file query.txt (compact mmCIF, C-alpha atoms)
# COMPACT_ATOMS: atom_id res chain seq x y z
CA MET A 1 -24.02 -21.46 -13.04
CA LYS A 2 -23.40 -20.29 -16.57
CA LYS A 3 -20.21 -18.66 -17.73
CA THR A 4 -20.47 -14.91 -17.19
CA ALA A 5 -18.86 -12.13 -19.19
CA VAL A 6 -17.99 -9.17 -17.02
CA MET A 7 -19.80 -6.09 -18.23
CA LEU A 8 -20.12 -4.06 -15.05
CA CYS A 9 -18.42 -0.80 -14.17
CA ILE A 10 -17.34 0.26 -10.67
CA ILE A 11 -17.76 3.87 -9.65
CA CYS A 12 -15.30 5.11 -7.04
CA GLY A 13 -16.09 8.63 -5.87
CA ALA A 14 -15.63 10.88 -8.87
CA PHE A 15 -13.71 8.21 -10.77
CA SER A 16 -15.30 5.67 -13.07
CA PHE A 17 -13.58 2.56 -14.31
CA VAL A 18 -14.10 1.32 -17.84
CA CYS A 19 -15.61 -2.08 -18.37
CA TYR A 20 -13.31 -5.06 -18.50
CA GLY A 21 -14.16 -7.89 -20.88
CA GLN A 22 -12.28 -10.81 -19.28
CA SER A 23 -14.65 -13.72 -18.66
CA TRP A 24 -14.79 -15.96 -15.60
CA ASN A 25 -16.42 -19.30 -14.95
CA ILE A 26 -17.50 -19.21 -11.28
CA GLN A 27 -19.46 -22.10 -9.84
CA PRO A 28 -20.37 -23.44 -6.37
CA SER A 29 -18.13 -26.28 -5.23
CA ASP A 30 -19.03 -29.51 -3.43
CA THR A 31 -17.34 -28.24 -0.25
CA GLY A 32 -19.58 -25.20 0.20
CA PHE A 33 -17.67 -22.38 -1.43
CA TYR A 34 -17.31 -21.03 -4.95
CA THR A 35 -14.39 -21.56 -7.30
CA GLY A 36 -13.64 -19.89 -10.56
CA MET A 37 -11.20 -19.65 -13.42
CA ARG A 38 -10.57 -16.87 -15.90
CA GLU A 39 -9.73 -17.47 -19.54
CA ASP A 40 -6.06 -16.65 -18.94
CA GLY A 41 -5.68 -19.11 -16.05
CA LYS A 42 -6.33 -16.79 -13.10
CA SER A 43 -8.13 -18.62 -10.27
CA VAL A 44 -10.39 -17.54 -7.43
CA GLU A 45 -11.90 -19.12 -4.32
CA ILE A 46 -14.92 -17.34 -2.85
CA PHE A 47 -16.06 -18.00 0.71
CA SER A 48 -19.60 -17.01 1.61
CA GLN A 49 -22.10 -18.20 4.20
CA ASN A 50 -24.94 -17.58 1.76
CA SER A 51 -25.60 -18.23 -1.90
CA LEU A 52 -24.28 -15.46 -4.11
CA SER A 53 -26.50 -13.44 -6.41
CA ASP A 54 -25.51 -12.91 -10.03
CA GLU A 55 -25.09 -9.22 -9.20
CA CYS A 56 -22.61 -9.97 -6.41
CA ILE A 57 -20.67 -12.38 -8.60
CA GLY A 58 -20.54 -9.72 -11.31
CA LYS A 59 -19.08 -7.19 -8.88
CA ILE A 60 -16.50 -9.71 -7.71
CA GLU A 61 -15.51 -10.47 -11.29
CA THR A 62 -15.19 -6.79 -12.20
CA SER A 63 -13.17 -6.02 -9.05
CA LEU A 64 -10.80 -8.88 -9.82
CA ASN A 65 -10.38 -7.80 -13.42
CA ILE A 66 -9.61 -4.24 -12.35
CA THR A 67 -6.98 -5.25 -9.81
CA TRP A 68 -5.41 -7.91 -12.02
CA SER A 69 -4.95 -5.18 -14.66
CA ILE A 70 -2.33 -3.49 -12.46
CA THR A 71 0.79 -2.95 -14.53
CA SER A 72 3.59 -5.44 -13.79
CA LEU A 73 1.35 -7.61 -11.56
CA THR A 74 1.64 -11.31 -12.31
CA GLY A 75 0.23 -14.29 -10.44
CA VAL A 76 -2.71 -16.65 -10.42
CA LYS A 77 -4.45 -16.94 -7.06
CA THR A 78 -7.12 -14.80 -5.38
CA ILE A 79 -9.09 -15.50 -2.21
CA VAL A 80 -12.42 -13.70 -1.69
CA LYS A 81 -14.53 -13.52 1.47
CA VAL A 82 -18.07 -12.18 1.18
CA GLU A 83 -19.05 -10.44 4.41
CA SER A 84 -22.66 -9.45 3.77
CA GLY A 85 -24.75 -8.58 0.75
CA ASP A 86 -22.42 -7.16 -1.88
CA ILE A 87 -19.62 -6.32 0.57
CA PHE A 88 -16.52 -8.47 0.18
CA ARG A 89 -12.78 -8.56 0.75
CA PHE A 90 -10.15 -10.27 -1.35
CA VAL A 91 -6.42 -10.91 -1.41
CA ILE A 92 -4.28 -11.29 -4.51
CA TYR A 93 -1.07 -13.27 -4.09
CA PRO A 94 1.37 -11.83 -6.63
CA HIS A 95 4.28 -13.64 -8.25
CA SER A 96 5.79 -10.29 -9.22
CA LEU A 97 4.96 -6.60 -8.84
CA SER A 98 7.15 -3.63 -9.60
CA TYR A 99 7.07 0.14 -10.03
CA LYS A 100 9.56 1.78 -12.38
CA ASP A 101 11.72 -1.37 -12.42
CA PHE A 102 11.78 -1.55 -8.60
CA SER A 103 10.40 -4.81 -7.22
CA LEU A 104 7.72 -4.34 -4.57
CA LEU A 105 7.20 -8.07 -4.06
CA PRO A 106 9.66 -8.51 -1.12
CA TYR A 107 7.61 -5.98 0.87
CA LEU A 108 4.26 -7.75 0.38
CA PRO A 109 4.41 -11.04 2.32
CA GLN A 110 0.65 -10.81 3.00
CA GLY A 111 -0.26 -10.09 -0.61
CA LEU A 112 -2.43 -7.26 -1.91
CA SER A 113 -5.65 -6.78 0.07
CA PHE A 114 -8.75 -5.05 -1.29
CA TYR A 115 -12.38 -4.66 -0.31
CA TYR A 116 -15.56 -3.63 -2.07
CA ASP A 117 -18.32 -1.65 -0.37
CA THR A 118 -20.17 0.29 -3.08
CA ALA A 119 -16.69 1.15 -4.41
CA LEU A 120 -13.29 -0.52 -4.59
CA PHE A 121 -10.69 0.17 -1.89
CA TYR A 122 -7.25 -1.15 -0.92
CA ASP A 123 -6.05 -2.01 2.58
CA ILE A 124 -2.46 -3.23 2.32
CA THR A 125 0.09 -4.00 5.04
CA LEU A 126 3.72 -4.08 3.98
CA LYS A 127 6.86 -5.36 5.69
CA VAL A 128 9.80 -2.96 5.49
CA ASP A 129 12.70 -4.12 7.66
CA GLU A 130 11.21 -4.46 11.16
CA LEU A 131 8.27 -2.14 10.40
CA THR A 132 4.78 -3.07 9.19
CA PRO A 133 3.36 0.11 7.60
CA ARG A 134 -0.17 0.07 6.24
CA ILE A 135 -1.96 2.08 3.55
CA THR A 136 -5.67 2.33 2.87
CA GLY A 137 -7.68 4.30 0.35
CA ALA A 138 -9.93 4.30 -2.67
CA PHE A 139 -8.60 2.49 -5.72
CA VAL A 140 -8.20 5.32 -8.22
CA SER A 141 -5.89 3.75 -10.77
CA PRO A 142 -3.12 1.11 -10.98
CA THR A 143 -0.45 3.80 -11.30
CA ASP A 144 -1.74 5.61 -8.21
CA LEU A 145 -1.59 2.43 -6.13
CA LEU A 146 1.92 1.50 -7.30
CA PHE A 147 3.15 5.02 -6.54
CA ASN A 148 1.67 4.85 -3.04
CA LEU A 149 3.29 1.46 -2.39
CA GLN A 150 6.66 2.87 -3.47
CA GLN A 151 6.18 5.80 -1.08
CA VAL A 152 5.63 3.38 1.79
CA VAL A 153 8.80 1.44 0.96
CA ASP A 154 10.81 4.68 0.74
CA SER A 155 9.41 6.14 3.97
CA PRO A 156 7.70 3.43 6.04
CA THR A 157 7.64 5.35 9.31
CA ARG A 158 5.21 7.85 7.80
CA PHE A 159 2.64 5.09 7.46
CA MET A 160 2.85 3.59 10.92
CA THR A 161 0.01 3.80 13.43
CA ASP A 162 -0.89 3.29 17.08
CA THR A 163 2.09 2.61 19.35
CA TYR A 164 4.64 3.75 16.80
CA LEU A 165 2.95 7.11 16.42
CA PHE A 166 2.75 7.60 20.18
CA ASN A 167 6.47 6.92 20.38
CA ARG A 168 7.08 9.46 17.64
CA ILE A 169 5.08 12.06 19.54
CA ASP A 170 7.22 11.37 22.60
CA ARG A 171 10.35 11.92 20.51
CA LEU A 172 8.91 15.15 19.12
CA GLU A 173 8.19 16.43 22.64
CA THR A 174 11.74 15.53 23.67
CA ALA A 175 13.13 17.36 20.65
CA VAL A 176 11.08 20.46 21.44
CA ALA A 177 12.26 20.40 25.06
CA ALA A 178 15.87 20.09 23.94
CA LEU A 179 15.56 23.02 21.56
CA ILE A 180 13.92 25.18 24.21
CA LYS A 181 16.85 24.51 26.54
CA LYS A 182 19.15 25.72 23.76
CA GLY A 183 17.15 28.93 23.43
CA SER A 184 15.13 27.96 20.34
CA THR A 185 11.33 28.14 20.44
CA ARG A 186 10.49 26.03 17.44
CA LEU A 187 11.55 23.11 15.32
CA PRO A 188 12.84 23.77 11.80
CA LEU A 189 10.17 23.63 9.10
CA LEU A 190 11.04 20.52 7.10
CA ASP A 191 10.27 19.99 3.45
CA GLU A 192 8.46 16.67 2.95
CA THR A 193 10.98 15.72 0.25
CA ILE A 194 13.83 16.00 2.77
CA ILE A 195 12.00 13.75 5.25
CA ILE A 196 11.22 11.08 2.64
CA LYS A 197 14.72 11.13 1.16
CA VAL A 198 16.58 10.97 4.47
CA GLU A 199 14.35 8.16 5.74
CA GLY A 200 14.99 6.35 2.47
CA TYR A 201 18.75 6.72 2.89
CA TYR A 202 18.48 5.35 6.41
CA ASN A 203 16.41 2.35 5.27
CA GLU A 204 19.13 1.54 2.73
CA ASP A 205 21.92 1.93 5.28
CA ASN A 206 21.19 2.09 9.01
CA ASN A 207 24.77 3.26 9.62
CA ILE A 208 24.52 6.40 7.50
CA THR A 209 25.57 9.57 9.31
CA GLU A 210 23.82 12.93 9.24
CA GLN A 211 26.70 14.43 7.24
CA GLU A 212 26.54 11.60 4.69
CA ALA A 213 22.78 12.03 4.31
CA LEU A 214 23.25 15.77 3.75
CA LEU A 215 25.84 15.07 1.07
CA ARG A 216 23.46 12.70 -0.74
CA LEU A 217 20.71 15.32 -0.63
CA LYS A 218 23.02 17.90 -2.20
CA LYS A 219 24.09 15.43 -4.91
CA GLU A 220 20.40 15.04 -5.81
CA GLY A 221 20.01 18.79 -5.99
CA ILE A 222 17.85 19.07 -2.85
CA LYS A 223 18.45 22.16 -0.75
CA ALA A 224 18.89 21.28 2.92
CA THR A 225 21.02 22.15 5.91
CA LEU A 226 22.66 19.95 8.50
CA LYS A 227 20.06 21.28 10.96
CA ASP A 228 17.29 19.90 8.72
CA VAL A 229 18.93 16.49 8.54
CA LYS A 230 19.53 16.40 12.29
CA ALA A 231 15.84 17.15 12.85
CA VAL A 232 14.80 14.23 10.63
CA PHE A 233 17.17 11.90 12.50
CA MET A 234 15.89 13.11 15.85
CA ILE A 235 12.14 13.10 15.16
CA TYR A 236 11.55 10.52 12.45
CA ILE A 237 14.42 8.07 12.86
CA ASP A 238 14.99 8.36 16.62
CA LYS A 239 18.74 8.89 16.36
call {"tool": "encode", "arguments": {"input": "query.txt", "output": "structure tokens"}}
result
Amino acid sequence: MKKTAVMLCIICGAFSFVCYGQSWNIQPSDTGFYTGMREDGKSVEIFSQNSLSDECIGKIETSLNITWSITSLTGVKTIVKVESGDIFRFVIYPHSLSYKDFSLLPYLPQGLSFYYDTALFYDITLKVDELTPRITGAFVSPTDLLFNLQQVVDSPTRFMTDTYLFNRIDRLETAVAALIKKGSTRLPLLDETIIIKVEGYYNEDNNITEQEALLRLKKEGIKATLKDVKAVFMIYIDK
């Protein structure tokens, strides 16, 4: 298979990505899958039950070039699995990845997972302490993805699913019942910034008290009351 220069563009909803000119040399291997190298040393292994069309290979190359263009992302290896037609998934195994000088690498033991199905999407599971939050969505831009990953690290409980969410609902019902017994008919309306910040404080220090969290909020210029902080501890942190 001849060396191919990537000249395709991927359209994602209302967003269009510019063409990327990095060239790959992707060829079938003797063991039944495809291998490839990019001019800068990036490598790829592509697993497919069927022979790949030039169009599919072009989409794979463009998707890889787009994701490898993420600011601060370094590494070499990518694994691609073609599911059917031009639908495929791939994982990038980073050597480093950061957002605003904060390293995201420790939270990505499974790498960065993406898939292509007429557009490019991400489907990434992180590891934050004992939690495994997950984010999915359309790939809009490198900055957008890095920002979303940082949000997960700062507030992982907001990105949990299934059993964890059911447990949170149980805690919410308990909190409502407790407030009703005290003569209150509703929970305090919490600003999302307060929730994210307090959860972030707790992730940094599991021994932080409600009063200490309130003090940190005030030092950052965020208006909150002790009642707000107590609600976050009760509903989102289970304290």
call {"tool": "closest_residue", "arguments": {"input": "query.txt", "among": "A:Val153, A:Val44, A:Val76, A:Leu120", "to": "Ser98 in chain A", "atoms": "only C-alpha atoms"}}
result
A:Val153
call {"tool": "residues_around", "arguments": {"input": "query.txt", "residues": "Ser96 in chain A", "least_positions_apart": "3", "cutoff": "12 Å", "atoms": "all atoms listed in the file", "output": "count of residues only"}}
result
22
call {"tool": "atom_distance", "arguments": {"input": "query.txt", "atom1": "CA of Thr157 in chain A", "atom2": "CA of Tyr116 in chain A"}}
result
27.4 Å
call {"tool": "closest_residue", "arguments": {"input": "query.txt", "among": "A:Gly58, A:Lys100, A:Glu210, A:Ile196", "to": "Thr143 in chain A", "atoms": "all atoms listed in the file"}}
result
A:Lys100
call {"tool": "residues_around", "arguments": {"input": "query.txt", "residues": "Leu190 in chain A", "least_positions_apart": "4", "cutoff": "9 Å", "atoms": "all atoms listed in the file", "output": "ChimeraX atom specification"}}
result
/A:194-195,224,228-229,231-232
call {"tool": "atom_distance", "arguments": {"input": "query.txt", "atom1": "CA of Met160 in chain A", "atom2": "CA of Ile66 in chain A"}}
result
27.5 Å
call {"tool": "atom_distance", "arguments": {"input": "query.txt", "atom1": "CA of Tyr34 in chain A", "atom2": "CA of Phe47 in chain A"}}
result
6.5 Å
call {"tool": "residues_around", "arguments": {"input": "query.txt", "residues": "Lys77 in chain A", "least_positions_apart": "5", "cutoff": "10 Å", "atoms": "all atoms listed in the file", "output": "mmCIF file with C-alpha atoms, keeping the file's coordinate frame"}}
result
data_model
loop_
_atom_site.group_PDB
_atom_site.id
_atom_site.type_symbol
_atom_site.label_atom_id
_atom_site.label_comp_id
_atom_site.auth_asym_id
_atom_site.auth_seq_id
_atom_site.Cartn_x
_atom_site.Cartn_y
_atom_site.Cartn_z
ATOM 1 C CA MET A 37 -11.200 -19.650 -13.420
ATOM 2 C CA GLY A 41 -5.680 -19.110 -16.050
ATOM 3 C CA LYS A 42 -6.330 -16.790 -13.100
ATOM 4 C CA SER A 43 -8.130 -18.620 -10.270
ATOM 5 C CA VAL A 44 -10.390 -17.540 -7.430
ATOM 6 C CA GLU A 45 -11.900 -19.120 -4.320
ATOM 7 C CA VAL A 91 -6.420 -10.910 -1.410
ATOM 8 C CA ILE A 92 -4.280 -11.290 -4.510
ATOM 9 C CA TYR A 93 -1.070 -13.270 -4.090
ATOM 10 C CA PRO A 94 1.370 -11.830 -6.630
ATOM 11 C CA HIS A 95 4.280 -13.640 -8.250
#
call {"tool": "closest_residue", "arguments": {"input": "query.txt", "among": "A:Ser84, A:Gln49, A:Asn203, A:Thr67", "to": "Thr31 in chain A", "atoms": "all atoms listed in the file"}}
result
A:Gln49
call {"tool": "residues_around", "arguments": {"input": "query.txt", "residues": "Asp86 in chain A", "least_positions_apart": "4", "cutoff": "9 Å", "atoms": "all atoms listed in the file", "output": "PDB file with C-alpha atoms, in the coordinates of the input"}}
result
ATOM      1  CA  LEU A  52     -24.280 -15.460  -4.110  1.00  0.00           C
ATOM      2  CA  SER A  53     -26.500 -13.440  -6.410  1.00  0.00           C
ATOM      3  CA  GLU A  55     -25.090  -9.220  -9.200  1.00  0.00           C
ATOM      4  CA  CYS A  56     -22.610  -9.970  -6.410  1.00  0.00           C
ATOM      5  CA  ILE A  57     -20.670 -12.380  -8.600  1.00  0.00           C
ATOM      6  CA  LYS A  59     -19.080  -7.190  -8.880  1.00  0.00           C
ATOM      7  CA  ILE A  60     -16.500  -9.710  -7.710  1.00  0.00           C
ATOM      8  CA  VAL A  82     -18.070 -12.180   1.180  1.00  0.00           C
ATOM      9  CA  TYR A 116     -15.560  -3.630  -2.070  1.00  0.00           C
ATOM     10  CA  ASP A 117     -18.320  -1.650  -0.370  1.00  0.00           C
ATOM     11  CA  THR A 118     -20.170   0.290  -3.080  1.00  0.00           C
TER      12      THR A 118
END
call {"tool": "residues_around", "arguments": {"input": "query.txt", "residues": "Ile208 in chain A", "least_positions_apart": "3", "cutoff": "12 Å", "atoms": "only C-alpha atoms", "output": "ChimeraX atom specification"}}
result
/A:198-205,211-216,229,233,237,239
call {"tool": "residues_near_point", "arguments": {"input": "query.txt", "point": "(-9.3, -13.1, -16.3)", "cutoff": "7 Å", "atoms": "all atoms listed in the file", "output": "list in words"}}
result
Gln22, Ser23, Trp24, Arg38, Glu39, Asp40, Lys42 and Asn65 of chain A
call {"tool": "decode", "arguments": {"input": "query.txt", "residues": "range 43-58 of chain A", "atoms": "N, CA and C atoms", "output": "CSV table (one decimal), in the first residue's frame"}}
result
chain,number,residue,atom,x,y,z
A,43,SER,N,3.4,5.6,16.1
A,43,SER,CA,3.1,4.3,15.5
A,43,SER,C,1.6,3.9,15.7
A,44,VAL,N,1.1,3.0,14.9
A,44,VAL,CA,-0.3,2.6,15.0
A,44,VAL,C,-0.4,1.1,14.6
A,45,GLU,N,-1.2,0.4,15.4
A,45,GLU,CA,-1.6,-1.0,15.0
A,45,GLU,C,-3.1,-1.0,14.8
A,46,ILE,N,-3.6,-1.5,13.6
A,46,ILE,CA,-5.0,-1.5,13.3
A,46,ILE,C,-5.5,-2.9,13.2
A,47,PHE,N,-6.5,-3.2,13.9
A,47,PHE,CA,-7.1,-4.6,13.9
A,47,PHE,C,-8.4,-4.5,13.2
A,48,SER,N,-8.5,-5.4,12.2
A,48,SER,CA,-9.8,-5.4,11.4
A,48,SER,C,-10.0,-6.8,10.8
A,49,GLN,N,-11.2,-7.3,10.8
A,49,GLN,CA,-11.5,-8.6,10.3
A,49,GLN,C,-11.5,-8.6,8.8
A,50,ASN,N,-11.6,-7.4,8.2
A,50,ASN,CA,-11.7,-7.3,6.7
A,50,ASN,C,-10.6,-6.3,6.2
A,51,SER,N,-10.3,-6.4,4.9
A,51,SER,CA,-9.4,-5.5,4.3
A,51,SER,C,-9.9,-4.1,4.4
A,52,LEU,N,-9.1,-3.1,4.6
A,52,LEU,CA,-9.5,-1.7,4.8
A,52,LEU,C,-9.4,-1.0,3.5
A,53,SER,N,-10.5,-0.2,3.2
A,53,SER,CA,-10.5,0.6,2.0
A,53,SER,C,-9.6,1.8,2.2
A,54,ASP,N,-9.2,2.5,1.1
A,54,ASP,CA,-8.3,3.7,1.2
A,54,ASP,C,-9.1,4.8,2.0
A,55,GLU,N,-10.4,4.8,1.8
A,55,GLU,CA,-11.2,5.8,2.4
A,55,GLU,C,-11.2,5.6,4.0
A,56,CYS,N,-11.3,4.4,4.4
A,56,CYS,CA,-11.3,4.1,5.8
A,56,CYS,C,-9.9,4.4,6.4
A,57,ILE,N,-8.9,4.0,5.7
A,57,ILE,CA,-7.5,4.3,6.2
A,57,ILE,C,-7.3,5.9,6.3
A,58,GLY,N,-7.8,6.6,5.3
A,58,GLY,CA,-7.7,8.0,5.3
A,58,GLY,C,-8.4,8.6,6.6
